[in-house]
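Source file: start04.cif. Holds: mmCIF, C-alpha atoms.
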```cif
data_target
loop_
_atom_site.group_PDB
_atom_site.id
_atom_site.type_symbol
_atom_site.label_atom_id
_atom_site.label_comp_id
_atom_site.auth_asym_id
_atom_site.auth_seq_id
_atom_site.Cartn_x
_atom_site.Cartn_y
_atom_site.Cartn_z
ATOM 1 C CA MET B 17 -121.455 50.440 62.422
ATOM 2 C CA PRO B 18 -119.827 50.247 65.883
ATOM 3 C CA HIS B 19 -122.405 50.400 68.673
ATOM 4 C CA ALA B 20 -120.810 53.544 70.131
ATOM 5 C CA ASP B 21 -121.480 55.427 66.896
ATOM 6 C CA SER B 22 -125.227 55.195 67.591
ATOM 7 C CA ALA B 23 -124.896 58.300 69.777
ATOM 8 C CA MET B 24 -123.302 60.442 67.049
ATOM 9 C CA ILE B 25 -125.441 63.439 66.036
ATOM 10 C CA PRO B 26 -125.398 64.958 62.529
ATOM 11 C CA PRO B 27 -124.917 68.742 62.457
ATOM 12 C CA GLY B 28 -127.777 71.156 61.874
ATOM 13 C CA LEU B 29 -130.626 69.256 63.552
ATOM 14 C CA ASP B 30 -133.442 71.047 65.349
ATOM 15 C CA LYS B 31 -135.078 69.420 68.366
ATOM 16 C CA VAL B 32 -137.744 67.575 66.390
ATOM 17 C CA ALA B 33 -135.168 66.128 64.010
ATOM 18 C CA PHE B 34 -132.844 65.347 66.920
ATOM 19 C CA TRP B 35 -135.383 63.183 68.715
ATOM 20 C CA ALA B 36 -136.390 61.485 65.461
ATOM 21 C CA HIS B 37 -132.722 60.650 64.854
ATOM 22 C CA VAL B 38 -132.275 59.282 68.388
ATOM 23 C CA HIS B 39 -135.425 57.177 67.957
ATOM 24 C CA GLU B 40 -134.127 55.702 64.707
ATOM 25 C CA GLN B 41 -130.679 54.960 66.131
ATOM 26 C CA LEU B 42 -132.151 53.374 69.240
ATOM 27 C CA SER B 43 -134.493 51.165 67.221
ATOM 28 C CA HIS B 44 -131.460 49.679 65.453
ATOM 29 C CA LEU B 45 -129.522 49.278 68.700
ATOM 30 C CA LEU B 46 -132.370 47.416 70.435
ATOM 31 C CA ALA B 47 -133.186 45.140 67.517
ATOM 32 C CA GLY B 48 -132.844 41.456 68.349
ATOM 33 C CA GLN B 49 -132.553 41.949 72.124
ATOM 34 C CA ARG B 50 -135.466 41.467 74.544
ATOM 35 C CA SER B 51 -133.759 41.776 77.956
ATOM 36 C CA TRP B 52 -135.019 44.892 79.724
ATOM 37 C CA VAL B 53 -131.776 45.263 81.673
ATOM 38 C CA THR B 54 -129.681 45.263 78.517
ATOM 39 C CA ASN B 55 -132.028 47.493 76.531
ATOM 40 C CA LEU B 56 -132.521 50.080 79.272
ATOM 41 C CA ALA B 57 -128.762 50.250 79.811
ATOM 42 C CA ASN B 58 -128.123 50.913 76.125
ATOM 43 C CA ALA B 59 -131.040 53.348 75.884
ATOM 44 C CA SER B 60 -129.710 55.383 78.819
ATOM 45 C CA SER B 61 -126.229 55.524 77.335
ATOM 46 C CA LEU B 62 -127.321 56.408 73.800
ATOM 47 C CA ILE B 63 -129.705 59.168 74.928
ATOM 48 C CA PHE B 64 -127.274 60.642 77.472
ATOM 49 C CA ASN B 65 -124.373 60.791 75.033
ATOM 50 C CA ALA B 66 -126.571 62.044 72.191
ATOM 51 C CA LEU B 67 -127.814 64.888 74.398
ATOM 52 C CA GLN B 68 -124.240 65.873 75.246
ATOM 53 C CA ALA B 69 -123.407 65.941 71.537
ATOM 54 C CA PHE B 70 -126.494 68.051 70.704
ATOM 55 C CA PRO B 71 -125.659 71.794 70.899
ATOM 56 C CA GLU B 72 -129.008 72.738 72.434
ATOM 57 C CA PHE B 73 -127.995 70.817 75.585
ATOM 58 C CA GLY B 74 -124.291 70.000 75.290
ATOM 59 C CA THR B 75 -121.960 69.810 78.290
ATOM 60 C CA GLY B 76 -122.306 73.380 79.589
ATOM 61 C CA GLU B 77 -124.924 75.217 81.628
ATOM 62 C CA ARG B 78 -127.824 73.509 79.767
ATOM 63 C CA MET B 79 -126.381 70.023 80.163
ATOM 64 C CA VAL B 80 -128.645 67.047 80.885
ATOM 65 C CA ASN B 81 -126.911 65.763 84.012
ATOM 66 C CA TRP B 82 -128.925 62.579 84.616
ATOM 67 C CA CYS B 83 -130.654 60.131 82.303
ATOM 68 C CA GLY B 84 -132.141 56.843 83.380
ATOM 69 C CA PHE B 85 -134.863 54.569 84.626
ATOM 70 C CA TYR B 86 -136.671 53.642 87.807
ATOM 71 C CA LEU B 87 -138.605 50.362 87.718
ATOM 72 C CA SER B 88 -141.281 48.778 89.840
ATOM 73 C CA SER B 89 -139.682 46.516 92.428
ATOM 74 C CA GLU B 90 -141.937 43.713 91.141
ATOM 75 C CA LEU B 91 -139.759 43.471 88.024
ATOM 76 C CA PHE B 92 -136.536 42.718 89.887
ATOM 77 C CA PRO B 93 -135.761 38.995 90.237
ATOM 78 C CA THR B 94 -135.358 37.162 93.514
ATOM 79 C CA PRO B 95 -131.663 36.398 94.155
ATOM 80 C CA ARG B 96 -130.726 32.892 93.003
ATOM 81 C CA LEU B 97 -127.095 32.423 93.942
ATOM 82 C CA ARG B 98 -126.600 34.328 97.175
ATOM 83 C CA LEU B 99 -128.938 35.979 99.650
ATOM 84 C CA ALA B 100 -127.278 37.643 102.625
ATOM 85 C CA LYS B 101 -130.508 38.131 104.549
ATOM 86 C CA ALA B 102 -134.016 36.921 103.908
ATOM 87 C CA ILE B 103 -136.489 39.752 103.325
ATOM 88 C CA ALA B 104 -140.237 39.301 103.343
ATOM 89 C CA GLN B 105 -141.187 40.920 100.047
ATOM 90 C CA ASP B 106 -144.858 41.052 100.973
ATOM 91 C CA ASN B 107 -144.048 43.450 103.795
ATOM 92 C CA GLN B 108 -142.124 45.890 101.617
ATOM 93 C CA PRO B 109 -143.882 49.149 100.656
ATOM 94 C CA ALA B 110 -144.642 49.759 96.996
ATOM 95 C CA ARG B 111 -141.552 51.341 95.493
ATOM 96 C CA LEU B 112 -139.540 52.075 92.390
ATOM 97 C CA LEU B 113 -135.956 50.838 92.349
ATOM 98 C CA LEU B 114 -133.071 52.464 90.523
ATOM 99 C CA GLY B 115 -132.463 50.912 87.116
ATOM 100 C CA PRO B 116 -129.912 51.519 84.358
ATOM 101 C CA PHE B 117 -128.801 55.159 84.129
ATOM 102 C CA CYS B 118 -126.039 57.598 83.170
ATOM 103 C CA GLY B 119 -124.991 60.406 85.487
ATOM 104 C CA LYS B 120 -124.060 60.840 89.123
ATOM 105 C CA PRO B 121 -125.157 58.314 91.775
ATOM 106 C CA ALA B 122 -128.891 58.564 92.416
ATOM 107 C CA CYS B 123 -131.576 57.693 94.955
ATOM 108 C CA GLN B 124 -131.807 53.921 95.272
ATOM 109 C CA LEU B 125 -135.571 53.772 95.703
ATOM 110 C CA ILE B 126 -138.676 55.929 95.468
ATOM 111 C CA ASN B 127 -141.769 55.153 97.529
ATOM 112 C CA ILE B 128 -144.978 54.956 95.508
ATOM 113 C CA SER B 129 -147.409 53.747 98.171
ATOM 114 C CA PRO B 130 -150.344 56.194 98.400
ATOM 115 C CA ASP B 131 -149.442 57.472 101.866
ATOM 116 C CA ARG B 132 -145.705 57.886 101.217
ATOM 117 C CA ALA B 133 -145.327 58.770 97.528
ATOM 118 C CA ARG B 134 -143.642 62.070 96.728
ATOM 119 C CA GLY B 135 -141.566 63.632 93.974
ATOM 120 C CA VAL B 136 -141.792 63.928 90.214
ATOM 121 C CA CYS B 137 -140.988 60.274 89.462
ATOM 122 C CA ALA B 138 -143.590 58.940 91.889
ATOM 123 C CA ASP B 139 -146.239 61.345 90.578
ATOM 124 C CA ALA B 140 -145.555 60.493 86.920
ATOM 125 C CA TYR B 141 -145.746 56.797 87.770
ATOM 126 C CA LEU B 142 -148.988 57.032 89.758
ATOM 127 C CA GLN B 143 -150.679 59.456 87.354
ATOM 128 C CA GLU B 144 -149.443 57.464 84.329
ATOM 129 C CA LYS B 145 -148.584 60.635 82.428
ATOM 130 C CA THR B 146 -145.497 62.649 81.516
ATOM 131 C CA LEU B 147 -144.569 65.452 83.895
ATOM 132 C CA LEU B 148 -142.594 68.424 82.583
ATOM 133 C CA VAL B 149 -141.163 70.432 85.492
ATOM 134 C CA GLN B 150 -139.536 73.761 84.642
ATOM 135 C CA ASP B 151 -138.317 74.472 88.203
ATOM 136 C CA VAL B 152 -137.790 71.458 90.446
ATOM 137 C CA ASP B 153 -137.336 73.599 93.559
ATOM 138 C CA ALA B 154 -140.913 74.821 93.139
ATOM 139 C CA TYR B 155 -142.317 71.288 92.780
ATOM 140 C CA PRO B 156 -144.081 69.986 95.929
ATOM 141 C CA GLY B 157 -142.198 67.045 97.446
ATOM 142 C CA HIS B 158 -139.321 67.168 94.994
ATOM 143 C CA ILE B 159 -136.581 64.626 95.799
ATOM 144 C CA ALA B 160 -133.203 66.248 95.220
ATOM 145 C CA CYS B 161 -130.822 63.459 94.189
ATOM 146 C CA ASP B 162 -128.511 66.155 92.743
ATOM 147 C CA GLY B 163 -128.738 69.697 94.059
ATOM 148 C CA GLU B 164 -127.485 71.068 90.721
ATOM 149 C CA THR B 165 -130.606 69.899 88.869
ATOM 150 C CA LYS B 166 -132.970 72.754 88.003
ATOM 151 C CA SER B 167 -135.545 71.160 85.670
ATOM 152 C CA GLU B 168 -136.802 67.685 84.911
ATOM 153 C CA ILE B 169 -138.988 65.595 82.638
ATOM 154 C CA VAL B 170 -140.325 62.171 83.612
ATOM 155 C CA CYS B 171 -142.171 59.783 81.281
ATOM 156 C CA PRO B 172 -143.998 56.710 82.622
ATOM 157 C CA LEU B 173 -143.286 53.280 81.132
ATOM 158 C CA LEU B 174 -146.706 51.890 80.246
ATOM 159 C CA VAL B 175 -147.591 48.347 79.191
ATOM 160 C CA THR B 176 -150.977 46.932 78.214
ATOM 161 C CA ILE B 177 -151.871 43.674 79.965
ATOM 162 C CA SER B 178 -155.188 41.983 79.130
ATOM 163 C CA GLY B 179 -156.474 45.297 77.791
ATOM 164 C CA GLU B 180 -155.472 47.246 80.905
ATOM 165 C CA VAL B 181 -152.739 49.896 80.890
ATOM 166 C CA LYS B 182 -150.242 49.493 83.733
ATOM 167 C CA ALA B 183 -147.237 51.626 84.726
ATOM 168 C CA ILE B 184 -144.084 49.582 85.320
ATOM 169 C CA GLY B 185 -141.557 52.383 85.795
ATOM 170 C CA VAL B 186 -140.411 55.796 84.626
ATOM 171 C CA PHE B 187 -137.752 57.362 82.433
ATOM 172 C CA ASP B 188 -136.194 60.470 83.956
ATOM 173 C CA LEU B 189 -134.111 63.309 82.495
ATOM 174 C CA ASP B 190 -132.611 66.065 84.658
ATOM 175 C CA CYS B 191 -131.142 69.349 83.399
ATOM 176 C CA LEU B 192 -128.822 71.943 84.943
ATOM 177 C CA ALA B 193 -130.900 74.816 83.509
ATOM 178 C CA LEU B 194 -134.305 76.146 84.471
ATOM 179 C CA SER B 195 -136.927 75.336 81.816
ATOM 180 C CA GLY B 196 -134.487 72.902 80.236
ATOM 181 C CA PHE B 197 -137.175 70.895 78.443
ATOM 182 C CA ASP B 198 -140.203 71.788 76.330
ATOM 183 C CA ARG B 199 -143.096 70.086 74.547
ATOM 184 C CA ARG B 200 -140.840 69.045 71.670
ATOM 185 C CA ASP B 201 -138.726 67.090 74.125
ATOM 186 C CA GLN B 202 -141.848 65.574 75.647
ATOM 187 C CA THR B 203 -143.180 64.411 72.286
ATOM 188 C CA GLY B 204 -139.837 62.919 71.268
ATOM 189 C CA LEU B 205 -139.255 61.202 74.608
ATOM 190 C CA GLU B 206 -142.717 59.673 74.764
ATOM 191 C CA LYS B 207 -142.109 58.014 71.389
ATOM 192 C CA ILE B 208 -138.723 56.751 72.571
ATOM 193 C CA VAL B 209 -140.169 55.361 75.810
ATOM 194 C CA GLU B 210 -142.869 53.551 73.821
ATOM 195 C CA LEU B 211 -140.140 52.071 71.610
ATOM 196 C CA VAL B 212 -138.155 50.875 74.616
ATOM 197 C CA VAL B 213 -141.164 49.331 76.333
ATOM 198 C CA ASP B 214 -142.196 47.459 73.191
ATOM 199 C CA ALA B 215 -138.632 46.193 72.666
ATOM 200 C CA CYS B 216 -138.465 44.410 76.036
ATOM 201 C CA ASP B 217 -139.889 41.331 77.691
ATOM 202 C CA TRP B 218 -141.193 42.279 81.115
#
```

Spit out the file's structure as structure tokens when you get a sec.
Amino acid sequence: MPHADSAMIPPGLDKVAFWAHVHEQLSHLLAGQRSWVTNLANASSLIFNALQAFPEFGTGERMVNWCGFYLSSELFPTPRLRLAKAIAQDNQPARLLLGPFCGKPACQLINISPDRARGVCADAYLQEKTLLVQDVDAYPGHIACDGETKSEIVCPLLVTISGEVKAIGVFDLDCLALSGFDRRDQTGLEKIVELVVDACDW
């Protein structure tokens, strides 16, 4: 099957079946690849295009307008071939950097240091739990990368290292509609995020 066909959605699915289908398709797409850059890029594309093909979201007023990842800056490699200006990494505040995504251009970084952290992504990362926000304008400290976004769901990427759970990033979906996501979306997305994390070498 061509890789692009992974995002095709059979007719007649409800939300639970939709997320189960996306999970299955993504598991096949990620098989045999361990690069987190490659896998997060394909995951963003598959999920974004599948959501546009799913009637409950589609491309109209309930469209998911952004789909992607923010990762801890610790995961990004030091430049090897060209470095325009030396930067002392130890002096940089704790932050999430923009990773693979689909949608309009987004915020390049999100501060997660205790005294500067704000917004849904930072809170989901620091609390290590999924945040389901029905009205982003009512959320304290919301960072508006796209003023058209009305609701949002953010799932933390969690890995277990030496028996300790550690957040390494977040997966973020934005929607044009108020109350765009529900608990069925949360359950499906948390399983997908777990799949993605387990499929990558970090």

> Applied to this file, what does the PyMOL selection byres ((chain B and resi 162) around 10) return in terms of residues, put as a list of chain:residue names?
Replying inline: B:Asn81, B:Trp82, B:Gly119, B:Lys120, B:Pro121, B:Ala122, B:Cys123, B:Ile159, B:Ala160, B:Cys161, B:Gly163, B:Glu164, B:Thr165, B:Lys166, B:Asp190, B:Leu192

> Evaluating the PyMOL selection byres ((chain B and resi 52) around 7) on the displayed file yields which residues, as a list of chain:residue names?
Replying inline: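 Applied to this file, the PyMOL selection byres ((chain B and resi 52) around 7) selects B:Arg50, B:Ser51, B:Val53, B:Thr54, B:Asn55, B:Leu56, B:Cys216, B:Asp217, B:Trp218.
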
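We find CA of Ser22 (chain B) and CA of Ala59 (chain B) to be spaced 10.3 Å apart.
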
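The residue that comes closest to Phe187 (chain B), out of B:Met24, B:Val80, B:Leu87, B:Val149 and on the basis of all atoms listed in the file, is B:Leu87.
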
> Near region 29-44 of chain B, counting only C-alpha atoms, which residues have an atom at most 10 Å away, once you skip same-chain residues fewer than 3 positions from it, shown as JSON, numbers by chain?
Replying inline: {"B": [19, 21, 22, 23, 24, 25, 26, 47, 48, 55, 58, 59, 62, 63, 66, 67, 70, 71, 72, 198, 200, 201, 202, 203, 204, 205, 207, 208, 209, 211, 212, 215]}

>> Expand the PyMOL selection byres ((chain B and resi 173) around 6) into the explicit residue set it covers here, and present it as a list in words.
In response: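 In the shown coordinates, the PyMOL selection byres ((chain B and resi 173) around 6) covers Pro172, Leu174, Ala183, Ile184, Gly185 and Val186 of chain B.
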
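The interatomic distance for the pair CA of Tyr86 (chain B) and CA of Val152 (chain B) works out to 18.0 Å.
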
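As for CA of Pro156 (chain B) and CA of Phe117 (chain B), they are spaced 24.3 Å apart.
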
Return the padded bounding box of region 154-162 of chain B as AutoDock Vina command-line options: axis-aligned, built from all atoms listed in the file, 8 Å added on each side, with centre and edge lengths in Å to one decimal.
```
--center_x -136.3 --center_y 69.1 --center_z 95.1 --size_x 31.6 --size_y 27.4 --size_z 20.7
```

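When all atoms listed in the file are used to compute distances to Ala138 (chain B), the closest of the residues B:Met79, B:Val170, B:Ala154, B:Ala57 turns out to be B:Val170.
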
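Remark: for Tyr141 (chain B), the closest of the candidate residues B:Glu206, B:Ala193, B:Ser88, B:Gly179 is B:Ser88 (distances computed over only C-alpha atoms).
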
>> Counting all atoms listed in the file, which residue out of B:Thr75, B:Ser195, B:Gln124, B:Gln143 sits closest to Lys182 (chain B)?
In response: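 Under the stated criterion, the closest residue is B:Gln143.
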
> Taking into account all atoms listed in the file, which residue in the set B:Val213, B:Ala20, B:Leu113, B:Cys191 is nearest to Gly76 (chain B)?
Replying inline: B:Cys191

Missing atoms in region 44-55 of chain B: can you complete it with all heavy atoms, as an mmCIF file, keeping the file's coordinate frame?
```cif
data_model
loop_
_atom_site.group_PDB
_atom_site.id
_atom_site.type_symbol
_atom_site.label_atom_id
_atom_site.label_comp_id
_atom_site.auth_asym_id
_atom_site.auth_seq_id
_atom_site.Cartn_x
_atom_site.Cartn_y
_atom_site.Cartn_z
ATOM 1 N N HIS B 44 -132.464 50.601 65.993
ATOM 2 C CA HIS B 44 -131.460 49.679 65.453
ATOM 3 C C HIS B 44 -130.665 49.024 66.580
ATOM 4 O O HIS B 44 -130.356 47.824 66.526
ATOM 5 C CB HIS B 44 -130.507 50.421 64.521
ATOM 6 C CG HIS B 44 -131.157 50.975 63.294
ATOM 7 N ND1 HIS B 44 -131.968 50.232 62.468
ATOM 8 C CD2 HIS B 44 -131.117 52.225 62.755
ATOM 9 C CE1 HIS B 44 -132.403 50.977 61.452
ATOM 10 N NE2 HIS B 44 -131.895 52.201 61.617
ATOM 11 N N LEU B 45 -130.346 49.792 67.599
ATOM 12 C CA LEU B 45 -129.522 49.278 68.700
ATOM 13 C C LEU B 45 -130.266 48.206 69.501
ATOM 14 O O LEU B 45 -129.652 47.241 69.974
ATOM 15 C CB LEU B 45 -129.124 50.437 69.622
ATOM 16 C CG LEU B 45 -128.109 50.134 70.733
ATOM 17 C CD1 LEU B 45 -126.787 49.652 70.148
ATOM 18 C CD2 LEU B 45 -127.894 51.367 71.595
ATOM 19 N N LEU B 46 -131.586 48.353 69.644
ATOM 20 C CA LEU B 46 -132.370 47.416 70.435
ATOM 21 C C LEU B 46 -132.817 46.186 69.649
ATOM 22 O O LEU B 46 -133.290 45.211 70.256
ATOM 23 C CB LEU B 46 -133.614 48.115 71.008
ATOM 24 C CG LEU B 46 -133.382 49.357 71.871
ATOM 25 C CD1 LEU B 46 -134.708 49.853 72.425
ATOM 26 C CD2 LEU B 46 -132.398 49.082 72.992
ATOM 27 N N ALA B 47 -132.693 46.232 68.355
ATOM 28 C CA ALA B 47 -133.186 45.140 67.517
ATOM 29 C C ALA B 47 -132.522 43.816 67.883
ATOM 30 O O ALA B 47 -131.299 43.741 68.021
ATOM 31 C CB ALA B 47 -132.936 45.454 66.046
ATOM 32 N N GLY B 48 -133.362 42.791 68.082
ATOM 33 C CA GLY B 48 -132.844 41.456 68.349
ATOM 34 C C GLY B 48 -132.551 41.167 69.807
ATOM 35 O O GLY B 48 -132.106 40.073 70.148
ATOM 36 N N GLN B 49 -132.802 42.147 70.685
ATOM 37 C CA GLN B 49 -132.553 41.949 72.124
ATOM 38 C C GLN B 49 -133.852 42.220 72.877
ATOM 39 O O GLN B 49 -134.495 43.240 72.659
ATOM 40 C CB GLN B 49 -131.455 42.896 72.608
ATOM 41 C CG GLN B 49 -131.176 42.859 74.090
ATOM 42 C CD GLN B 49 -130.797 41.484 74.588
ATOM 43 O OE1 GLN B 49 -131.606 40.807 75.213
ATOM 44 N NE2 GLN B 49 -129.573 41.053 74.283
ATOM 45 N N ARG B 50 -134.221 41.313 73.797
ATOM 46 C CA ARG B 50 -135.466 41.467 74.544
ATOM 47 C C ARG B 50 -135.258 41.669 76.047
ATOM 48 O O ARG B 50 -136.216 41.911 76.771
ATOM 49 C CB ARG B 50 -136.367 40.239 74.340
ATOM 50 C CG ARG B 50 -136.776 39.965 72.900
ATOM 51 C CD ARG B 50 -137.659 41.036 72.327
ATOM 52 N NE ARG B 50 -138.875 41.231 73.088
ATOM 53 C CZ ARG B 50 -139.780 42.176 72.824
ATOM 54 N NH1 ARG B 50 -139.585 43.037 71.827
ATOM 55 N NH2 ARG B 50 -140.871 42.294 73.563
ATOM 56 N N SER B 51 -134.021 41.587 76.530
ATOM 57 C CA SER B 51 -133.759 41.776 77.956
ATOM 58 C C SER B 51 -133.954 43.238 78.337
ATOM 59 O O SER B 51 -133.324 44.131 77.754
ATOM 60 C CB SER B 51 -132.336 41.340 78.298
ATOM 61 O OG SER B 51 -131.947 41.825 79.570
ATOM 62 N N TRP B 52 -134.783 43.500 79.346
ATOM 63 C CA TRP B 52 -135.019 44.892 79.724
ATOM 64 C C TRP B 52 -133.787 45.512 80.369
ATOM 65 O O TRP B 52 -133.551 46.709 80.216
ATOM 66 C CB TRP B 52 -136.255 45.048 80.597
ATOM 67 C CG TRP B 52 -136.241 44.470 81.976
ATOM 68 C CD1 TRP B 52 -136.808 43.299 82.366
ATOM 69 C CD2 TRP B 52 -135.678 45.038 83.162
ATOM 70 N NE1 TRP B 52 -136.625 43.091 83.712
ATOM 71 C CE2 TRP B 52 -135.946 44.148 84.234
ATOM 72 C CE3 TRP B 52 -134.974 46.216 83.439
ATOM 73 C CZ2 TRP B 52 -135.521 44.395 85.546
ATOM 74 C CZ3 TRP B 52 -134.556 46.468 84.744
ATOM 75 C CH2 TRP B 52 -134.826 45.563 85.775
ATOM 76 N N VAL B 53 -132.985 44.722 81.068
ATOM 77 C CA VAL B 53 -131.776 45.263 81.673
ATOM 78 C C VAL B 53 -130.820 45.757 80.594
ATOM 79 O O VAL B 53 -130.302 46.880 80.644
ATOM 80 C CB VAL B 53 -131.087 44.206 82.568
ATOM 81 C CG1 VAL B 53 -129.770 44.754 83.103
ATOM 82 C CG2 VAL B 53 -131.996 43.791 83.711
ATOM 83 N N THR B 54 -130.589 44.918 79.608
ATOM 84 C CA THR B 54 -129.681 45.263 78.517
ATOM 85 C C THR B 54 -130.192 46.454 77.724
ATOM 86 O O THR B 54 -129.452 47.411 77.439
ATOM 87 C CB THR B 54 -129.497 44.051 77.589
ATOM 88 O OG1 THR B 54 -129.004 42.948 78.340
ATOM 89 C CG2 THR B 54 -128.541 44.369 76.446
ATOM 90 N N ASN B 55 -131.475 46.431 77.371
ATOM 91 C CA ASN B 55 -132.028 47.493 76.531
ATOM 92 C C ASN B 55 -132.108 48.834 77.254
ATOM 93 O O ASN B 55 -131.833 49.889 76.668
ATOM 94 C CB ASN B 55 -133.414 47.084 76.021
ATOM 95 C CG ASN B 55 -133.341 46.075 74.896
ATOM 96 O OD1 ASN B 55 -132.293 45.904 74.269
ATOM 97 N ND2 ASN B 55 -134.439 45.389 74.635
#
```
